[in-house]
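Source file target-v7.cif; content: mmCIF, C-alpha atoms.
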```cif
data_data
#
loop_
_atom_site.label_atom_id
_atom_site.label_comp_id
_atom_site.auth_asym_id
_atom_site.auth_seq_id
_atom_site.Cartn_x
_atom_site.Cartn_y
_atom_site.Cartn_z
CA ALA A 296 8.20 -8.00 4.50
CA ARG A 297 11.25 -5.85 5.23
CA LYS A 298 10.70 -6.22 8.97
CA VAL A 299 10.33 -10.00 8.64
CA ARG A 300 13.47 -10.17 6.50
CA SER A 301 15.41 -8.23 9.16
CA VAL A 302 14.46 -10.83 11.78
CA TYR A 303 14.41 -14.02 9.68
CA SER A 304 17.00 -13.49 6.98
CA THR A 305 17.20 -17.17 5.99
CA ARG A 306 13.45 -17.85 5.72
CA PRO A 307 11.57 -17.47 2.45
CA ILE A 308 8.95 -14.72 2.48
CA ALA A 309 5.70 -14.90 0.55
CA THR A 310 2.83 -12.49 0.15
CA ALA A 311 -0.87 -12.97 -0.50
CA TYR A 312 -1.91 -10.12 -2.76
CA GLY A 313 -5.42 -9.51 -4.07
CA SER A 314 -5.37 -10.37 -7.77
CA THR A 315 -2.56 -8.99 -9.96
CA PRO A 316 -0.37 -6.14 -8.71
CA ASP A 317 0.58 -3.35 -11.06
CA ALA A 318 4.17 -2.79 -12.17
CA ALA A 319 4.74 -0.01 -9.60
CA THR A 320 3.73 -2.32 -6.74
CA VAL A 321 5.98 -5.10 -8.02
CA GLU A 322 8.91 -2.70 -8.28
CA PHE A 323 8.22 -1.20 -4.83
CA ILE A 324 8.16 -4.58 -3.09
CA GLY A 325 11.04 -5.82 -5.22
CA ASP A 326 13.43 -8.04 -3.32
CA ASP A 327 11.48 -7.93 -0.06
CA ILE A 328 9.66 -11.15 -0.87
CA ASP A 329 10.75 -14.43 -2.41
CA ILE A 330 7.48 -15.59 -3.95
CA TRP A 331 4.24 -13.81 -4.81
CA GLY A 332 0.96 -15.30 -3.64
CA LEU A 333 -1.98 -13.93 -5.60
CA ASN A 334 -5.65 -14.28 -4.63
CA HIS A 335 -7.66 -14.50 -7.83
CA TYR A 336 -11.29 -15.40 -8.26
CA THR A 337 -12.94 -15.96 -11.59
CA ARG A 338 -15.31 -18.51 -13.02
CA PHE A 339 -14.26 -21.14 -15.58
CA SER A 340 -11.06 -19.46 -16.74
CA PHE A 341 -8.24 -17.25 -15.52
CA LYS A 342 -8.24 -15.80 -19.06
CA HIS A 343 -5.22 -13.48 -19.47
CA PHE A 344 -4.13 -13.69 -15.81
CA PHE A 345 -0.94 -15.71 -16.43
CA ASP A 346 0.07 -13.59 -19.43
CA ASP A 347 -0.46 -10.42 -17.37
CA TRP A 348 1.84 -11.79 -14.65
CA ALA A 349 4.55 -12.68 -17.18
CA LYS A 350 4.62 -9.05 -18.40
CA LEU A 351 5.41 -7.63 -14.94
CA PRO A 352 8.96 -6.50 -14.07
CA THR A 353 9.85 -9.44 -11.82
CA ASP A 354 11.54 -12.79 -12.02
CA LYS A 355 9.98 -13.91 -8.71
CA PRO A 356 7.80 -17.01 -8.82
CA MET A 357 4.05 -16.73 -8.32
CA PHE A 358 1.40 -19.07 -6.91
CA LEU A 359 -2.34 -18.75 -6.50
CA SER A 360 -2.69 -18.25 -2.75
CA GLU A 361 -6.49 -18.36 -3.17
CA TYR A 362 -8.64 -19.53 -6.05
CA GLY A 363 -11.85 -21.46 -6.45
CA SER A 364 -15.56 -21.23 -7.03
CA ASP A 365 -18.58 -20.53 -4.87
CA ALA A 366 -20.78 -23.58 -4.20
CA PHE A 367 -23.95 -21.50 -4.11
CA ASN A 368 -25.83 -20.94 -7.36
CA SER A 369 -27.61 -17.62 -6.80
CA LYS A 370 -29.58 -17.94 -10.06
CA GLU A 371 -31.24 -21.08 -8.74
CA SER A 372 -31.03 -20.09 -5.03
CA LYS A 373 -29.42 -23.37 -4.00
CA PRO A 374 -26.05 -25.03 -3.59
CA ASP A 375 -24.59 -26.38 -6.83
CA GLU A 376 -21.56 -28.48 -6.01
CA ALA A 377 -21.40 -29.89 -9.55
CA LYS A 378 -20.90 -26.35 -10.92
CA GLN A 379 -18.36 -25.65 -8.21
CA ALA A 380 -16.46 -28.84 -9.07
CA ALA A 381 -16.49 -28.12 -12.82
CA GLU A 382 -15.26 -24.56 -12.36
CA THR A 383 -12.57 -25.54 -9.86
CA LYS A 384 -11.40 -28.38 -12.13
CA SER A 385 -11.14 -25.99 -15.08
CA LEU A 386 -9.15 -23.45 -13.05
CA THR A 387 -6.84 -26.16 -11.68
CA GLU A 388 -6.15 -27.43 -15.20
CA GLU A 389 -5.13 -23.90 -16.22
CA ILE A 390 -2.75 -23.68 -13.26
CA VAL A 391 -1.15 -26.96 -14.34
CA ALA A 392 -0.92 -25.80 -17.97
CA ASN A 393 0.85 -22.62 -16.82
CA SER A 394 3.11 -24.42 -14.34
CA SER A 395 6.59 -23.05 -13.86
CA GLN A 396 7.86 -26.60 -14.34
CA PHE A 397 7.18 -26.13 -18.08
CA PRO A 398 9.07 -23.73 -20.39
CA GLY A 399 7.39 -20.32 -20.26
CA GLY A 400 5.20 -21.29 -17.29
CA VAL A 401 4.83 -18.72 -14.52
CA CYS A 402 2.79 -20.44 -11.80
CA ALA A 403 4.24 -22.51 -8.95
CA GLY A 404 0.83 -23.92 -7.95
CA GLY A 405 -2.36 -22.97 -6.20
CA ILE A 406 -4.40 -23.32 -3.02
CA ILE A 407 -8.14 -23.89 -3.35
CA PHE A 408 -10.12 -21.56 -1.11
CA GLU A 409 -11.99 -22.72 0.76
CA PHE A 410 -13.34 -25.81 2.44
CA ALA A 411 -16.16 -24.09 4.35
CA ASP A 412 -18.90 -21.62 3.49
CA GLU A 413 -18.54 -18.18 5.02
CA TRP A 414 -22.08 -17.69 6.25
CA TRP A 415 -20.79 -15.40 8.98
CA LYS A 416 -20.08 -12.78 6.32
CA SER A 417 -23.79 -12.32 5.67
CA GLY A 418 -24.28 -11.10 9.24
CA GLN A 419 -26.38 -14.09 10.29
CA PRO A 420 -24.03 -17.04 10.83
CA ALA A 421 -26.84 -19.58 11.34
CA VAL A 422 -28.73 -18.61 8.16
CA HIS A 423 -27.63 -19.24 4.60
CA ASP A 424 -28.17 -15.88 2.93
CA GLY A 425 -29.06 -17.30 -0.48
CA VAL A 426 -26.58 -15.16 -2.42
CA GLY A 427 -23.43 -16.43 -4.11
CA ALA A 428 -20.12 -14.63 -3.63
CA GLY A 429 -19.93 -13.71 -7.30
CA GLN A 430 -23.02 -11.55 -6.83
CA GLY A 431 -21.66 -9.42 -3.99
CA ALA A 432 -22.97 -11.49 -1.10
CA PHE A 433 -20.90 -9.92 1.62
CA GLY A 434 -21.94 -6.30 1.53
CA LYS A 435 -18.82 -5.47 3.57
CA VAL A 436 -15.12 -5.66 2.93
CA TYR A 437 -13.38 -8.24 5.14
#
```
Translate the structure described by the file into structure tokens.
Amino acid sequence: ARKVRSVYSTRPIATAYGSTPDAATVEFIGDDIDIWGLNHYTRFSFKHFFDDWAKLPTDKPMFLSEYGSDAFNSKESKPDEAKQAAETKSLTEEIVANSSQFPGGVCAGGIIFEFADEWWKSGQPAVHDGVGAGQGAFGKVY
């Protein structure tokens, strides 16, 4: 971010960070970014996620740079788009309820991830592996 800021001093800088950073990370990055993007995956609720963000030592805005739900139901070994839709709807409603447009809100919005399955992560791109992401489908860190 510092390098980008040195080249593009008038452009806003965002980050996509995996879940919630700790206070030391927030303080270290400090003024190097203008808005925090946080990748956060959970099922029907973000639970204490927004409250945890509000406690961090920053006044920078935050958005969900990735959130959503897996379409594959590993318990039933089949796609379950109704479950995916219900979970994503519930998460989106929480984002709206915690919107920075409301007093006390801390979230500037969110980006649903993603619009395609990632079969390639199973190692066999042409074969659906039959395991949902919530159950450790990937086996590798990407």
I'd like to know which of A:Leu351, A:Ser340, A:Ser394, A:Asn334 is closest to Thr320 (chain A), using only C-alpha atoms.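 Between A:Leu351, A:Ser340, A:Ser394, A:Asn334, the residue approaching Thr320 (chain A) most closely is A:Leu351.
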Which one is closest to Glu409 (chain A): A:Met357, A:Val321, A:Ile308, A:Ala366? Count all atoms listed in the file.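 Closest candidate: A:Ala366.
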How many Å separate CA of Ala381 (chain A) from CA of Asn368 (chain A)?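 These atoms are spaced 13.0 Å apart.
Using all atoms listed in the file, the protein and nucleic acid residues lying no more than 6 Å from Ile330 (chain A), apart from those fewer than 5 places from it along its own chain, are Ala309, Lys355, Pro356 and Met357 of chain A.
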Could you tell me how far CA of Gly332 (chain A) sits from CA of Lys384 (chain A), in Å to one decimal place?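 We find that CA of Lys384 (chain A) and CA of Gly332 (chain A) lie 19.9 Å from each other.
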Taking (-14.8, -26.4, -12.1) in the file's own coordinates, collect the residues within 10 Å, counting only C-alpha atoms, and hand them back as a ChimeraX atom specification. /A:338-340,363-364,376-388
Using the selection just defined, write its residues with C-alpha atoms as an mmCIF file, in the frame of the given file.
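What follows is the written file selection.cif:
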```
data_model
loop_
_atom_site.group_PDB
_atom_site.id
_atom_site.type_symbol
_atom_site.label_atom_id
_atom_site.label_comp_id
_atom_site.auth_asym_id
_atom_site.auth_seq_id
_atom_site.Cartn_x
_atom_site.Cartn_y
_atom_site.Cartn_z
ATOM 1 C CA ARG A 338 -15.310 -18.510 -13.020
ATOM 2 C CA PHE A 339 -14.260 -21.140 -15.580
ATOM 3 C CA SER A 340 -11.060 -19.460 -16.740
ATOM 4 C CA GLY A 363 -11.850 -21.460 -6.450
ATOM 5 C CA SER A 364 -15.560 -21.230 -7.030
ATOM 6 C CA GLU A 376 -21.560 -28.480 -6.010
ATOM 7 C CA ALA A 377 -21.400 -29.890 -9.550
ATOM 8 C CA LYS A 378 -20.900 -26.350 -10.920
ATOM 9 C CA GLN A 379 -18.360 -25.650 -8.210
ATOM 10 C CA ALA A 380 -16.460 -28.840 -9.070
ATOM 11 C CA ALA A 381 -16.490 -28.120 -12.820
ATOM 12 C CA GLU A 382 -15.260 -24.560 -12.360
ATOM 13 C CA THR A 383 -12.570 -25.540 -9.860
ATOM 14 C CA LYS A 384 -11.400 -28.380 -12.130
ATOM 15 C CA SER A 385 -11.140 -25.990 -15.080
ATOM 16 C CA LEU A 386 -9.150 -23.450 -13.050
ATOM 17 C CA THR A 387 -6.840 -26.160 -11.680
ATOM 18 C CA GLU A 388 -6.150 -27.430 -15.200
#
```
By how many Å are CA of Val401 (chain A) and CA of Ala319 (chain A) apart? 19.3 Å
What residues have an atom no more than 10 Å from (6.4, -3.6, -11.9) in the file's own frame, counting only C-alpha atoms, and can you write them as an NGL selection string? :A and (316-325 or 348 or 350-353)
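Here the question is which of A:Phe358, A:Phe367, A:Phe408, A:Tyr303 gets nearest to Trp331 (chain A) using all atoms listed in the file, and that residue is A:Phe358.
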Of the candidates A:Phe345, A:Asp354, A:Tyr312, A:Ser369, which shows the shortest atom-to-atom distance to Ile390 (chain A), using all atoms listed in the file?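 Selected residue with least distance to Ile390 (chain A): A:Phe345.
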Would you please work out which residue, of A:Cys402, A:Ala296, A:Ala421, A:Ile407, is nearest to Asp347 (chain A) when using all atoms listed in the file? A:Cys402
My list of candidates is A:Lys373, A:Ala311, A:Tyr362, A:Lys298. Which is closest to Phe341 (chain A) when distances are computed with only C-alpha atoms? A:Tyr362
